[in-house]
file model35.txt (compact mmCIF, C-alpha atoms)
# COMPACT_ATOMS: atom_id res chain seq x y z
CA MET A 11 25.29 -4.24 -18.93
CA ASN A 12 28.06 -5.21 -16.54
CA LYS A 13 26.65 -7.09 -13.50
CA VAL A 14 28.99 -5.41 -11.00
CA LYS A 15 27.82 -2.04 -12.33
CA ILE A 16 24.19 -3.06 -11.77
CA ILE A 17 24.92 -4.00 -8.16
CA ILE A 18 26.83 -0.80 -7.40
CA ARG A 19 24.09 1.22 -9.06
CA GLY A 20 21.34 -0.46 -7.01
CA ILE A 21 23.06 -0.05 -3.66
CA ILE A 22 24.87 3.25 -4.06
CA LYS A 23 24.57 5.33 -7.24
CA GLU A 24 20.81 4.90 -7.57
CA ASN A 25 19.97 3.83 -4.03
CA PRO A 26 16.16 3.61 -4.13
CA VAL A 27 15.65 5.54 -0.90
CA PHE A 28 18.49 8.05 -0.70
CA VAL A 29 18.94 8.87 -4.41
CA LEU A 30 15.76 7.87 -6.27
CA LEU A 31 13.54 8.69 -3.26
CA LEU A 32 11.13 5.92 -4.28
CA GLY A 33 8.75 3.99 -2.03
CA LEU A 34 8.91 6.46 0.82
CA CYS A 35 5.60 5.43 2.41
CA PRO A 36 6.99 2.27 4.07
CA VAL A 37 10.34 4.00 4.58
CA LEU A 38 8.73 6.62 6.80
CA GLY A 39 6.05 4.37 8.26
CA VAL A 40 7.79 1.28 9.60
CA THR A 41 11.29 2.48 10.49
CA THR A 42 10.56 3.01 14.18
CA SER A 43 13.16 0.39 15.01
CA ALA A 44 16.08 -1.21 13.23
CA TYR A 45 14.43 -4.65 13.35
CA ASN A 46 11.22 -3.40 11.74
CA GLY A 47 13.16 -1.57 9.04
CA PHE A 48 15.26 -4.66 8.33
CA GLY A 49 12.18 -6.91 8.13
CA MET A 50 10.32 -4.55 5.83
CA GLY A 51 13.43 -4.18 3.66
CA LEU A 52 13.79 -7.94 3.28
CA ALA A 53 10.09 -8.37 2.47
CA THR A 54 10.31 -5.69 -0.23
CA ALA A 55 13.59 -7.12 -1.53
CA PHE A 56 12.01 -10.55 -1.93
CA VAL A 57 9.06 -9.10 -3.85
CA LEU A 58 11.44 -7.05 -6.02
CA LEU A 59 13.60 -10.04 -6.81
CA MET A 60 10.73 -12.37 -7.64
CA SER A 61 8.71 -9.86 -9.67
CA ASN A 62 11.81 -8.84 -11.65
CA LEU A 63 12.52 -12.50 -12.35
CA VAL A 64 9.00 -13.33 -13.51
CA VAL A 65 8.52 -10.11 -15.48
CA SER A 66 11.77 -10.61 -17.40
CA LEU A 67 10.85 -14.25 -18.11
CA ILE A 68 7.44 -13.48 -19.59
CA LYS A 69 8.12 -10.04 -21.06
CA ASN A 70 7.85 -11.34 -24.62
CA PHE A 71 4.43 -12.92 -24.04
CA ILE A 72 2.85 -9.76 -22.67
CA PRO A 73 1.28 -7.40 -25.22
CA ASN A 74 2.44 -3.84 -24.63
CA LYS A 75 -0.97 -2.37 -23.84
CA VAL A 76 -1.68 -4.73 -20.94
CA ARG A 77 1.81 -4.90 -19.44
CA ILE A 78 1.08 -2.69 -16.42
CA PRO A 79 -1.97 -4.68 -15.20
CA SER A 80 -0.03 -7.90 -15.74
CA PHE A 81 2.93 -6.61 -13.72
CA ILE A 82 0.64 -5.45 -10.91
CA VAL A 83 -1.02 -8.88 -10.72
CA ILE A 84 2.41 -10.54 -10.53
CA ILE A 85 3.62 -8.13 -7.84
CA ALA A 86 0.39 -8.43 -5.84
CA SER A 87 0.69 -12.22 -5.91
CA PHE A 88 4.19 -12.15 -4.45
CA VAL A 89 3.17 -9.63 -1.81
CA THR A 90 0.29 -11.89 -0.76
CA ILE A 91 2.69 -14.83 -0.60
CA VAL A 92 5.02 -12.81 1.65
CA GLN A 93 2.10 -11.80 3.84
CA LEU A 94 0.78 -15.35 4.26
CA VAL A 95 4.18 -16.90 4.87
CA MET A 96 5.15 -14.17 7.34
CA GLU A 97 1.93 -14.52 9.32
CA ALA A 98 2.37 -18.29 9.43
CA PHE A 99 6.04 -18.47 10.39
CA LEU A 100 7.10 -15.03 11.72
CA PRO A 101 4.02 -13.84 13.65
CA ASP A 102 5.99 -11.32 15.75
CA LEU A 103 7.37 -9.51 12.73
CA PHE A 104 3.94 -9.70 11.10
CA ASP A 105 2.39 -8.00 14.12
CA ALA A 106 4.91 -5.18 13.89
CA LEU A 107 4.68 -4.59 10.13
CA GLY A 108 1.01 -5.52 9.78
CA LEU A 109 -0.63 -2.91 7.64
CA PHE A 110 2.47 -2.08 5.62
CA ILE A 111 2.96 -5.49 4.00
CA PRO A 112 -0.02 -5.20 1.59
CA LEU A 113 1.23 -1.70 0.76
CA ILE A 114 4.32 -3.18 -0.92
CA VAL A 115 2.00 -3.71 -3.91
CA VAL A 116 1.75 0.03 -4.47
CA ASN A 117 5.40 0.69 -3.67
CA CYS A 118 6.42 2.49 -6.86
CA LEU A 119 9.93 1.06 -6.49
CA VAL A 120 8.72 -2.47 -7.30
CA LEU A 121 6.57 -1.54 -10.29
CA GLY A 122 9.21 0.97 -11.35
CA ARG A 123 11.96 -1.67 -11.59
CA SER A 124 9.64 -4.11 -13.41
CA GLU A 125 8.64 -1.47 -15.93
CA ALA A 126 11.92 0.37 -16.35
CA PHE A 127 14.40 -2.49 -16.12
CA ALA A 128 13.09 -6.06 -16.00
CA SER A 129 10.79 -5.69 -19.01
CA LYS A 130 13.68 -4.47 -21.16
CA ASN A 131 16.59 -6.67 -20.05
CA ASP A 132 17.58 -10.33 -19.93
CA THR A 133 16.62 -12.47 -16.95
CA PHE A 134 20.03 -12.58 -15.29
CA SER A 135 20.42 -8.80 -15.37
CA ALA A 136 16.86 -8.36 -14.07
CA VAL A 137 17.52 -10.70 -11.13
CA THR A 138 20.79 -8.90 -10.35
CA ASP A 139 18.98 -5.57 -10.47
CA GLY A 140 16.20 -6.81 -8.18
CA LEU A 141 18.76 -8.13 -5.71
CA ALA A 142 20.82 -4.92 -5.77
CA MET A 143 17.83 -2.60 -5.44
CA GLY A 144 16.44 -4.81 -2.67
CA MET A 145 19.75 -4.66 -0.80
CA GLY A 146 19.93 -0.90 -1.22
CA PHE A 147 16.38 -0.56 0.06
CA THR A 148 17.00 -2.88 3.03
CA MET A 149 20.19 -1.05 3.99
CA ALA A 150 18.48 2.33 3.82
CA LEU A 151 15.52 1.16 5.93
CA THR A 152 17.78 -0.50 8.49
CA ALA A 153 19.94 2.63 8.72
CA LEU A 154 16.95 4.92 9.22
CA GLY A 155 15.36 2.48 11.66
CA ALA A 156 18.59 2.24 13.64
CA LEU A 157 18.99 6.02 13.74
CA ARG A 158 15.43 6.52 14.99
CA GLU A 159 15.75 3.70 17.51
CA ILE A 160 19.07 4.98 18.87
CA LEU A 161 17.85 8.56 19.26
CA GLY A 162 14.24 7.79 20.14
CA SER A 163 14.45 4.76 22.44
CA TYR A 164 18.18 4.62 23.34
CA SER A 165 18.39 1.06 22.05
CA ILE A 166 19.54 -0.83 18.97
CA PHE A 167 17.82 -3.98 17.61
CA GLY A 168 15.84 -4.03 20.86
CA TYR A 169 18.91 -3.91 23.14
CA SER A 170 18.75 -0.88 25.38
CA PHE A 171 22.12 0.76 26.08
CA VAL A 172 21.04 3.81 28.12
CA GLU A 173 18.17 4.03 30.58
CA GLY A 174 15.48 6.53 29.74
CA ASP A 175 12.83 7.45 27.21
CA GLY A 176 14.93 9.01 24.48
CA MET A 177 13.92 11.84 22.17
CA LEU A 178 10.23 11.25 21.57
CA VAL A 179 10.15 13.12 18.28
CA PHE A 180 12.28 10.45 16.59
CA VAL A 181 9.79 7.72 17.46
CA LEU A 182 6.89 9.74 16.06
CA ALA A 183 6.26 10.56 12.41
CA PRO A 184 8.18 13.89 12.24
CA GLY A 185 11.34 12.07 13.33
CA ALA A 186 11.10 9.90 10.23
CA PHE A 187 11.21 12.95 7.97
CA ILE A 188 14.02 14.60 9.94
CA GLY A 189 16.05 11.39 10.04
CA LEU A 190 15.49 10.69 6.34
CA GLY A 191 16.49 14.25 5.44
CA TYR A 192 19.78 14.09 7.31
CA LEU A 193 20.63 10.56 6.13
CA THR A 194 19.93 11.57 2.51
CA ALA A 195 22.15 14.64 2.82
CA ILE A 196 24.98 12.62 4.39
CA PHE A 197 24.64 9.85 1.79
CA LEU A 198 24.72 12.24 -1.17
CA LYS A 199 27.70 14.06 0.35
CA ILE A 200 29.63 10.79 0.75
CA ILE A 201 29.00 9.55 -2.79
CA GLY A 202 29.84 13.07 -4.04
CA GLU A 203 26.62 13.82 -5.90
CA ARG A 204 26.06 17.27 -4.36
CA MET B 24 11.48 -13.56 -30.11
CA ALA B 25 9.16 -10.86 -31.34
CA LYS B 26 6.91 -9.13 -28.94
CA LYS B 27 3.26 -10.13 -29.02
CA GLU B 28 0.88 -7.79 -30.85
CA SER B 29 -1.59 -5.82 -28.78
CA THR B 30 -4.65 -7.29 -30.45
CA PHE B 31 -7.86 -7.69 -28.49
CA ALA B 32 -7.66 -11.49 -28.41
CA ASN B 33 -4.01 -11.42 -27.32
CA MET B 34 -4.69 -8.98 -24.51
CA VAL B 35 -7.68 -10.93 -23.16
CA LEU B 36 -5.79 -14.21 -23.35
CA THR B 37 -2.68 -12.82 -21.67
CA LEU B 38 -4.55 -11.24 -18.78
CA LEU B 39 -6.60 -14.39 -18.36
CA MET B 40 -3.46 -16.51 -18.22
CA VAL B 41 -1.63 -14.19 -15.82
CA THR B 42 -4.55 -13.94 -13.40
CA ALA B 43 -5.31 -17.66 -13.58
CA ILE B 44 -1.72 -18.61 -12.78
CA ALA B 45 -1.60 -16.05 -9.97
CA ALA B 46 -4.86 -17.30 -8.50
CA PHE B 47 -3.71 -20.92 -8.67
CA THR B 48 -0.35 -20.16 -7.02
CA LEU B 49 -2.00 -18.13 -4.26
CA SER B 50 -4.52 -20.84 -3.50
CA MET B 51 -1.68 -23.35 -3.12
CA ILE B 52 0.23 -21.06 -0.74
CA TYR B 53 -2.97 -20.30 1.15
CA ASN B 54 -3.59 -24.00 1.73
CA VAL B 55 -0.04 -24.53 2.99
CA THR B 56 -0.06 -21.55 5.37
CA LYS B 57 -3.68 -21.81 6.54
CA GLU B 58 -3.02 -24.36 9.23
CA PRO B 59 0.04 -22.74 10.87
CA ILE B 60 -1.71 -19.32 10.82
CA GLU B 61 -4.78 -20.66 12.57
CA ARG B 62 -2.73 -22.73 14.98
CA GLY B 63 -0.62 -19.67 15.82
CA ARG B 64 -3.71 -17.54 16.51
CA TYR B 65 -5.30 -20.28 18.62
CA GLU B 66 -2.13 -20.89 20.62
CA ARG B 67 -1.61 -17.20 21.29
CA LYS B 68 -5.17 -16.95 22.58
CA GLN B 69 -4.87 -20.03 24.78
CA ALA B 70 -1.59 -18.71 26.14
CA ALA B 71 -3.26 -15.37 26.92
CA ILE B 72 -6.14 -17.12 28.70
CA SER B 73 -3.95 -19.27 30.89
CA PHE B 74 -1.86 -16.18 31.65
CA VAL B 75 -4.74 -14.16 33.10
CA VAL B 76 -6.60 -16.77 35.20
CA PRO B 77 -5.45 -19.16 37.95
CA GLU B 78 -4.72 -22.77 37.08
CA PHE B 79 -7.75 -24.54 35.64
CA ASP B 80 -8.69 -27.87 34.09
CA GLU B 81 -11.82 -27.00 32.14
CA LEU B 82 -12.80 -24.04 30.00
CA LYS B 83 -16.24 -22.90 28.89
CA THR B 84 -16.78 -20.12 26.38
CA ARG B 85 -19.78 -17.80 26.19
CA PHE B 86 -20.50 -14.44 24.62
CA PHE B 87 -22.10 -11.43 26.32
CA MET B 88 -22.99 -8.01 24.95
CA PRO B 89 -21.23 -5.09 26.66
CA ALA B 90 -23.32 -2.26 28.15
CA ASP B 91 -22.63 0.09 25.23
CA GLY B 92 -24.00 -2.51 22.82
CA ARG B 93 -21.18 -2.85 20.32
CA ASP B 94 -19.43 -6.14 19.51
CA SER B 95 -20.02 -8.95 21.99
CA LEU B 96 -17.19 -9.96 24.32
CA GLU B 97 -15.88 -13.50 24.58
CA PHE B 98 -15.98 -14.84 28.15
CA ASN B 99 -13.84 -17.87 28.93
CA PHE B 100 -14.88 -19.41 32.25
CA ALA B 101 -12.11 -21.39 33.87
CA TYR B 102 -13.07 -24.21 36.23
CA LYS B 103 -10.89 -26.34 38.49
CA ASP B 104 -12.43 -29.46 39.98
CA GLY B 105 -15.84 -28.14 38.93
CA GLU B 106 -15.49 -24.80 40.74
CA LEU B 107 -15.15 -21.45 38.96
CA VAL B 108 -11.65 -20.09 39.59
CA GLY B 109 -11.49 -17.27 37.06
CA VAL B 110 -12.95 -15.58 34.01
CA ALA B 111 -10.83 -14.53 31.02
CA VAL B 112 -12.55 -11.84 28.98
CA GLU B 113 -11.43 -10.88 25.50
CA THR B 114 -12.16 -7.18 25.47
CA TYR B 115 -11.42 -4.21 23.23
CA THR B 116 -11.48 -0.44 22.97
CA MET B 117 -11.58 1.96 20.06
CA MET B 118 -10.06 4.81 22.09
CA GLY B 119 -6.41 3.98 21.46
CA PHE B 120 -4.03 6.48 19.90
CA SER B 121 -4.30 4.38 16.72
CA GLY B 122 -7.82 3.15 17.39
CA TYR B 123 -8.39 -0.49 18.11
CA ILE B 124 -6.73 -2.24 21.06
CA SER B 125 -7.74 -5.69 22.26
CA ALA B 126 -6.76 -7.31 25.52
CA MET B 127 -7.40 -10.42 27.59
CA VAL B 128 -8.53 -9.51 31.10
CA GLY B 129 -8.70 -12.15 33.81
CA PHE B 130 -10.96 -11.83 36.87
CA TYR B 131 -11.35 -13.84 40.04
CA PRO B 132 -14.97 -14.90 40.52
CA ASP B 133 -15.44 -11.95 42.93
CA GLY B 134 -14.51 -9.41 40.25
CA THR B 135 -10.94 -8.66 41.37
CA ILE B 136 -8.53 -8.58 38.45
CA TYR B 137 -6.04 -11.46 38.27
CA ASP B 138 -3.96 -10.12 35.37
CA VAL B 139 -4.22 -8.37 32.02
CA VAL B 140 -2.36 -9.05 28.79
CA HIS B 141 -2.72 -7.23 25.49
CA LEU B 142 -3.67 -9.16 22.34
CA GLN B 143 -3.43 -6.64 19.55
CA HIS B 144 -2.58 -2.96 19.30
CA GLU B 145 -1.05 -0.43 16.94
CA GLU B 146 0.14 2.08 19.51
CA THR B 147 3.31 4.07 18.98
CA PRO B 148 6.44 1.96 19.52
CA GLY B 149 8.47 3.32 22.43
CA LEU B 150 5.46 5.09 23.96
CA GLY B 151 2.07 3.37 23.83
CA ASP B 152 3.57 -0.09 23.49
CA LYS B 153 4.31 0.00 27.23
CA ILE B 154 0.96 -1.79 27.62
CA GLN B 155 2.82 -4.89 26.40
CA LYS B 156 4.04 -7.19 29.16
CA ASP B 157 7.35 -7.78 27.40
CA VAL B 158 8.06 -4.06 27.01
CA SER B 159 7.14 -2.64 30.39
CA ASP B 160 5.75 -3.79 33.74
CA TRP B 161 3.17 -1.00 33.60
CA SER B 162 0.21 -3.38 33.29
CA ASP B 163 1.33 -5.34 36.39
CA GLN B 164 -0.44 -2.70 38.49
CA PHE B 165 -3.76 -4.28 37.51
CA GLN B 166 -2.88 -7.49 39.38
CA GLY B 167 -5.16 -7.63 42.40
CA PHE B 168 -6.96 -4.43 41.35
CA ASP B 169 -10.52 -4.46 42.72
CA PRO B 170 -12.71 -2.32 40.44
CA SER B 171 -15.52 -2.25 43.03
CA GLU B 172 -13.29 -0.28 45.41
CA LYS B 173 -10.98 1.60 43.05
CA THR B 174 -11.79 3.47 39.85
CA LEU B 175 -10.59 2.04 36.53
CA LYS B 176 -9.37 5.38 35.19
CA VAL B 177 -5.96 7.02 34.95
CA ARG B 178 -4.99 9.53 37.64
CA GLN B 179 -5.48 12.42 35.21
CA ASP B 180 -9.17 11.43 35.11
CA GLN B 181 -9.44 11.14 38.93
CA GLY B 182 -8.95 7.35 38.79
CA ASP B 183 -6.59 4.96 40.55
CA VAL B 184 -4.45 3.78 37.64
CA ASP B 185 -0.99 5.21 37.00
CA GLY B 186 -0.76 6.61 33.49
CA ILE B 187 2.04 6.01 30.98
CA THR B 188 4.46 8.91 30.51
CA ALA B 189 3.74 10.60 27.17
CA ALA B 190 1.05 8.03 26.33
CA THR B 191 -1.92 9.01 28.47
CA ILE B 192 -4.35 8.30 25.63
CA THR B 193 -3.13 4.71 25.40
CA ALA B 194 -3.36 4.20 29.18
CA ARG B 195 -6.83 5.73 29.18
CA ALA B 196 -7.91 3.43 26.35
CA TYR B 197 -6.53 0.36 28.13
CA CYS B 198 -8.55 1.29 31.22
CA ASP B 199 -11.61 1.68 29.00
CA ALA B 200 -11.11 -1.83 27.60
CA ILE B 201 -10.68 -3.35 31.08
CA ASN B 202 -13.65 -1.41 32.40
CA ARG B 203 -15.83 -2.69 29.56
CA ALA B 204 -14.94 -6.26 30.50
CA TYR B 205 -15.64 -5.57 34.20
CA LEU B 206 -19.02 -3.89 33.62
CA THR B 207 -20.15 -6.68 31.30
CA LEU B 208 -19.06 -9.30 33.83
CA MET B 209 -20.98 -7.56 36.62
CA LYS B 210 -24.08 -7.13 34.48
CA ASN B 211 -24.25 -10.84 33.67
CA LEU B 212 -23.16 -12.15 37.07
CA ASP B 213 -26.51 -13.90 37.66
CA GLN B 214 -26.13 -15.95 34.47
CA ILE B 215 -22.72 -17.37 35.33
CA ASP B 216 -22.38 -20.92 36.64
CA MET B 217 -20.24 -20.74 39.76
CA SER B 218 -19.71 -24.48 39.64
CA LEU B 219 -20.12 -27.11 36.98
CA GLU B 220 -22.99 -29.52 37.50
CA GLU B 221 -22.41 -33.01 36.29
call {"tool": "encode", "arguments": {"input": "model35.txt", "output": "structure tokens"}}
result
Amino acid sequence: MNKVKIIIRGIIKENPVFVLLLGLCPVLGVTTSAYNGFGMGLATAFVLLMSNLVVSLIKNFIPNKVRIPSFIVIIASFVTIVQLVMEAFLPDLFDALGLFIPLIVVNCLVLGRSEAFASKNDTFSAVTDGLAMGMGFTMALTALGALREILGSYSIFGYSFVEGDGMLVFVLAPGAFIGLGYLTAIFLKIIGER
Amino acid sequence: MAKKESTFANMVLTLLMVTAIAAFTLSMIYNVTKEPIERGRYERKQAAISFVVPEFDELKTRFFMPADGRDSLEFNFAYKDGELVGVAVETYTMMGFSGYISAMVGFYPDGTIYDVVHLQHEETPGLGDKIQKDVSDWSDQFQGFDPSEKTLKVRQDQGDVDGITAATITARAYCDAINRAYLTLMKNLDQIDMSLEE
């Protein structure tokens, strides 16, 4: 498959959040600010990229019946690596994301790409796909985080632009659903799917 | 290359290999990151201690059980020139909006609060995170607060602490954590060395 097509598909046509609606638990949970959304997106993108790479490299050595447990072990390893490295070198971000980092393991987006794409395609395509999906995911999380931060705290990436407390609902959980709903609608309208 | 057959031996071998390699890689990473993680935790704690007590040159650590008998609290006694100048107490509460909150509370030897800084919390960003020093100056009101004269409760509970707008539960929990440290300090006052004996 054409590499450019894979990238466009990952970011726009099959954007994991706005089109596939995959991995919504971290999407709704951590996007209280643009910085948190961006950090979580990058962490997931790294895991996606690395697990796609490894899965496509060893796909021929894995018997079909045990492929899912093997993939999960690979994904869980990379998630643990991210968690350890983040706690060691980015403690502030680790404090903010905390609980959600281990949950990347059960993010169906990561296993989904390993199973549906990386285990059936060559290594270079798999890496491209992981990168594209990761970028799409990061962009979606940053956008939702920015929206909630702007409306909820009147600030962006921690820089306050208006004094005041903002609309509380956007900081709390319901705001995540409302924000995601509107962003999804706008996104699908722009790319002309609906 | 043909795909491997799903025979029993193949499956066992593959899973064994995958898990062994994963375990080996993780143990390597763990060893590399172990030191910076522990150093980071230690430094953050030391920074919190020196933030909540006056200048000191010697630190002694002891543990005391709080009155309600849950986890023990860590008391860090700060001495300068052999005299007790402050006590930094690592305290906690389970009453936060998301449960656990821990904080470092510093007292003068007479029980007046020097300062308070949070250690760990999962309160709502934008609301409950106002207990953080870098987010809001809300917790500055505890500086010089004398719990023997004032009540460590928010105003809604007939106390003397200003609440946080839209985050009363968090403010209430923070008062609970500070109060736990204060009560435990008072209970064990007779066991504390006011000056170091050589």
call {"tool": "interface_residues", "arguments": {"input": "model35.txt", "of": "chain B", "to": "chain A", "cutoff": "8 Å", "atoms": "all atoms listed in the file", "output": "list in words"}}
result
Met24, Ala25, Lys26, Lys27, Glu28, Ser29, Thr30, Asn33, Met34, Thr37, Leu38, Val41, Thr42, Ala45, Ala46, Leu49, Ile52, Tyr53, Thr56, Lys57, Pro59, Ile60, Gly63, Thr147, Pro148 and Gly149 of chain B
call {"tool": "write_last_selection", "arguments": {"input": "model35.txt", "atoms": "C-alpha atoms", "output": "PDB file, in the coordinates of the input"}}
result
ATOM      1  CA  MET B  24      11.480 -13.560 -30.110  1.00  0.00           C
ATOM      2  CA  ALA B  25       9.160 -10.860 -31.340  1.00  0.00           C
ATOM      3  CA  LYS B  26       6.910  -9.130 -28.940  1.00  0.00           C
ATOM      4  CA  LYS B  27       3.260 -10.130 -29.020  1.00  0.00           C
ATOM      5  CA  GLU B  28       0.880  -7.790 -30.850  1.00  0.00           C
ATOM      6  CA  SER B  29      -1.590  -5.820 -28.780  1.00  0.00           C
ATOM      7  CA  THR B  30      -4.650  -7.290 -30.450  1.00  0.00           C
ATOM      8  CA  ASN B  33      -4.010 -11.420 -27.320  1.00  0.00           C
ATOM      9  CA  MET B  34      -4.690  -8.980 -24.510  1.00  0.00           C
ATOM     10  CA  THR B  37      -2.680 -12.820 -21.670  1.00  0.00           C
ATOM     11  CA  LEU B  38      -4.550 -11.240 -18.780  1.00  0.00           C
ATOM     12  CA  VAL B  41      -1.630 -14.190 -15.820  1.00  0.00           C
ATOM     13  CA  THR B  42      -4.550 -13.940 -13.400  1.00  0.00           C
ATOM     14  CA  ALA B  45      -1.600 -16.050  -9.970  1.00  0.00           C
ATOM     15  CA  ALA B  46      -4.860 -17.300  -8.500  1.00  0.00           C
ATOM     16  CA  LEU B  49      -2.000 -18.130  -4.260  1.00  0.00           C
ATOM     17  CA  ILE B  52       0.230 -21.060  -0.740  1.00  0.00           C
ATOM     18  CA  TYR B  53      -2.970 -20.300   1.150  1.00  0.00           C
ATOM     19  CA  THR B  56      -0.060 -21.550   5.370  1.00  0.00           C
ATOM     20  CA  LYS B  57      -3.680 -21.810   6.540  1.00  0.00           C
ATOM     21  CA  PRO B  59       0.040 -22.740  10.870  1.00  0.00           C
ATOM     22  CA  ILE B  60      -1.710 -19.320  10.820  1.00  0.00           C
ATOM     23  CA  GLY B  63      -0.620 -19.670  15.820  1.00  0.00           C
ATOM     24  CA  THR B 147       3.310   4.070  18.980  1.00  0.00           C
ATOM     25  CA  PRO B 148       6.440   1.960  19.520  1.00  0.00           C
ATOM     26  CA  GLY B 149       8.470   3.320  22.430  1.00  0.00           C
TER      27      GLY B 149
END
call {"tool": "atom_distance", "arguments": {"input": "model35.txt", "atom1": "atom CA of B:Asp213", "atom2": "atom CA of B:Gly134"}}
result
13.1 Å
call {"tool": "residues_around", "arguments": {"input": "model35.txt", "residues": "A:Lys15", "least_positions_apart": "6", "cutoff": "12 Å", "atoms": "all atoms listed in the file", "output": "MDAnalysis selection string"}}
result
chainID A and resid 21:24 135 138:139 142
call {"tool": "atom_distance", "arguments": {"input": "model35.txt", "atom1": "atom CA of B:Lys83", "atom2": "atom CA of B:Phe100"}}
result
5.0 Å
call {"tool": "atom_distance", "arguments": {"input": "model35.txt", "atom1": "atom CA of B:Arg85", "atom2": "atom CA of B:Lys156"}}
result
26.2 Å
call {"tool": "closest_residue", "arguments": {"input": "model35.txt", "among": "A:Pro184, A:Gly144, A:Gly33, A:Gly155", "to": "A:Thr54", "atoms": "all atoms listed in the file"}}
result
A:Gly144
call {"tool": "residues_around", "arguments": {"input": "model35.txt", "residues": "stretch 193-207 of chain B", "least_positions_apart": "6", "cutoff": "9 Å", "atoms": "all atoms listed in the file", "output": "PDB file with C-alpha atoms, keeping the file's coordinate frame"}}
result
ATOM      1  CA  PHE B  87     -22.100 -11.430  26.320  1.00  0.00           C
ATOM      2  CA  MET B  88     -22.990  -8.010  24.950  1.00  0.00           C
ATOM      3  CA  PRO B  89     -21.230  -5.090  26.660  1.00  0.00           C
ATOM      4  CA  ALA B  90     -23.320  -2.260  28.150  1.00  0.00           C
ATOM      5  CA  ASP B  91     -22.630   0.090  25.230  1.00  0.00           C
ATOM      6  CA  LEU B  96     -17.190  -9.960  24.320  1.00  0.00           C
ATOM      7  CA  PHE B  98     -15.980 -14.840  28.150  1.00  0.00           C
ATOM      8  CA  VAL B 112     -12.550 -11.840  28.980  1.00  0.00           C
ATOM      9  CA  GLU B 113     -11.430 -10.880  25.500  1.00  0.00           C
ATOM     10  CA  THR B 114     -12.160  -7.180  25.470  1.00  0.00           C
ATOM     11  CA  TYR B 115     -11.420  -4.210  23.230  1.00  0.00           C
ATOM     12  CA  THR B 116     -11.480  -0.440  22.970  1.00  0.00           C
ATOM     13  CA  MET B 117     -11.580   1.960  20.060  1.00  0.00           C
ATOM     14  CA  MET B 118     -10.060   4.810  22.090  1.00  0.00           C
ATOM     15  CA  GLY B 119      -6.410   3.980  21.460  1.00  0.00           C
ATOM     16  CA  PHE B 120      -4.030   6.480  19.900  1.00  0.00           C
ATOM     17  CA  SER B 121      -4.300   4.380  16.720  1.00  0.00           C
ATOM     18  CA  GLY B 122      -7.820   3.150  17.390  1.00  0.00           C
ATOM     19  CA  ILE B 124      -6.730  -2.240  21.060  1.00  0.00           C
ATOM     20  CA  SER B 125      -7.740  -5.690  22.260  1.00  0.00           C
ATOM     21  CA  ALA B 126      -6.760  -7.310  25.520  1.00  0.00           C
ATOM     22  CA  MET B 127      -7.400 -10.420  27.590  1.00  0.00           C
ATOM     23  CA  VAL B 128      -8.530  -9.510  31.100  1.00  0.00           C
ATOM     24  CA  PHE B 130     -10.960 -11.830  36.870  1.00  0.00           C
ATOM     25  CA  GLY B 134     -14.510  -9.410  40.250  1.00  0.00           C
ATOM     26  CA  ILE B 136      -8.530  -8.580  38.450  1.00  0.00           C
ATOM     27  CA  VAL B 139      -4.220  -8.370  32.020  1.00  0.00           C
ATOM     28  CA  HIS B 141      -2.720  -7.230  25.490  1.00  0.00           C
ATOM     29  CA  GLU B 146       0.140   2.080  19.510  1.00  0.00           C
ATOM     30  CA  LEU B 150       5.460   5.090  23.960  1.00  0.00           C
ATOM     31  CA  GLY B 151       2.070   3.370  23.830  1.00  0.00           C
ATOM     32  CA  ASP B 152       3.570  -0.090  23.490  1.00  0.00           C
ATOM     33  CA  LYS B 153       4.310   0.000  27.230  1.00  0.00           C
ATOM     34  CA  ILE B 154       0.960  -1.790  27.620  1.00  0.00           C
ATOM     35  CA  PRO B 170     -12.710  -2.320  40.440  1.00  0.00           C
ATOM     36  CA  LEU B 175     -10.590   2.040  36.530  1.00  0.00           C
ATOM     37  CA  LYS B 176      -9.370   5.380  35.190  1.00  0.00           C
ATOM     38  CA  VAL B 177      -5.960   7.020  34.950  1.00  0.00           C
ATOM     39  CA  ASP B 180      -9.170  11.430  35.110  1.00  0.00           C
ATOM     40  CA  VAL B 184      -4.450   3.780  37.640  1.00  0.00           C
ATOM     41  CA  ASP B 185      -0.990   5.210  37.000  1.00  0.00           C
ATOM     42  CA  GLY B 186      -0.760   6.610  33.490  1.00  0.00           C
ATOM     43  CA  ILE B 187       2.040   6.010  30.980  1.00  0.00           C
TER      44      ILE B 187
END
call {"tool": "closest_residue", "arguments": {"input": "model35.txt", "among": "A:Lys130, A:Arg158, A:Lys199, A:Lys13", "to": "A:Gly39", "atoms": "all atoms listed in the file"}}
result
A:Arg158
call {"tool": "closest_residue", "arguments": {"input": "model35.txt", "among": "A:Gln93, A:Ile114, A:Asn62, A:Leu193", "to": "A:Thr133", "atoms": "only C-alpha atoms"}}
result
A:Asn62
call {"tool": "residues_around", "arguments": {"input": "model35.txt", "residues": "B:Leu82", "least_positions_apart": "2", "cutoff": "8 Å", "atoms": "all atoms listed in the file", "output": "PyMOL selection string"}}
result
chain B and resi 79-80+84+99-102
call {"tool": "closest_residue", "arguments": {"input": "model35.txt", "among": "B:Phe168, B:Phe31, B:Tyr131, B:Phe47", "to": "B:Glu106", "atoms": "all atoms listed in the file"}}
result
B:Tyr131
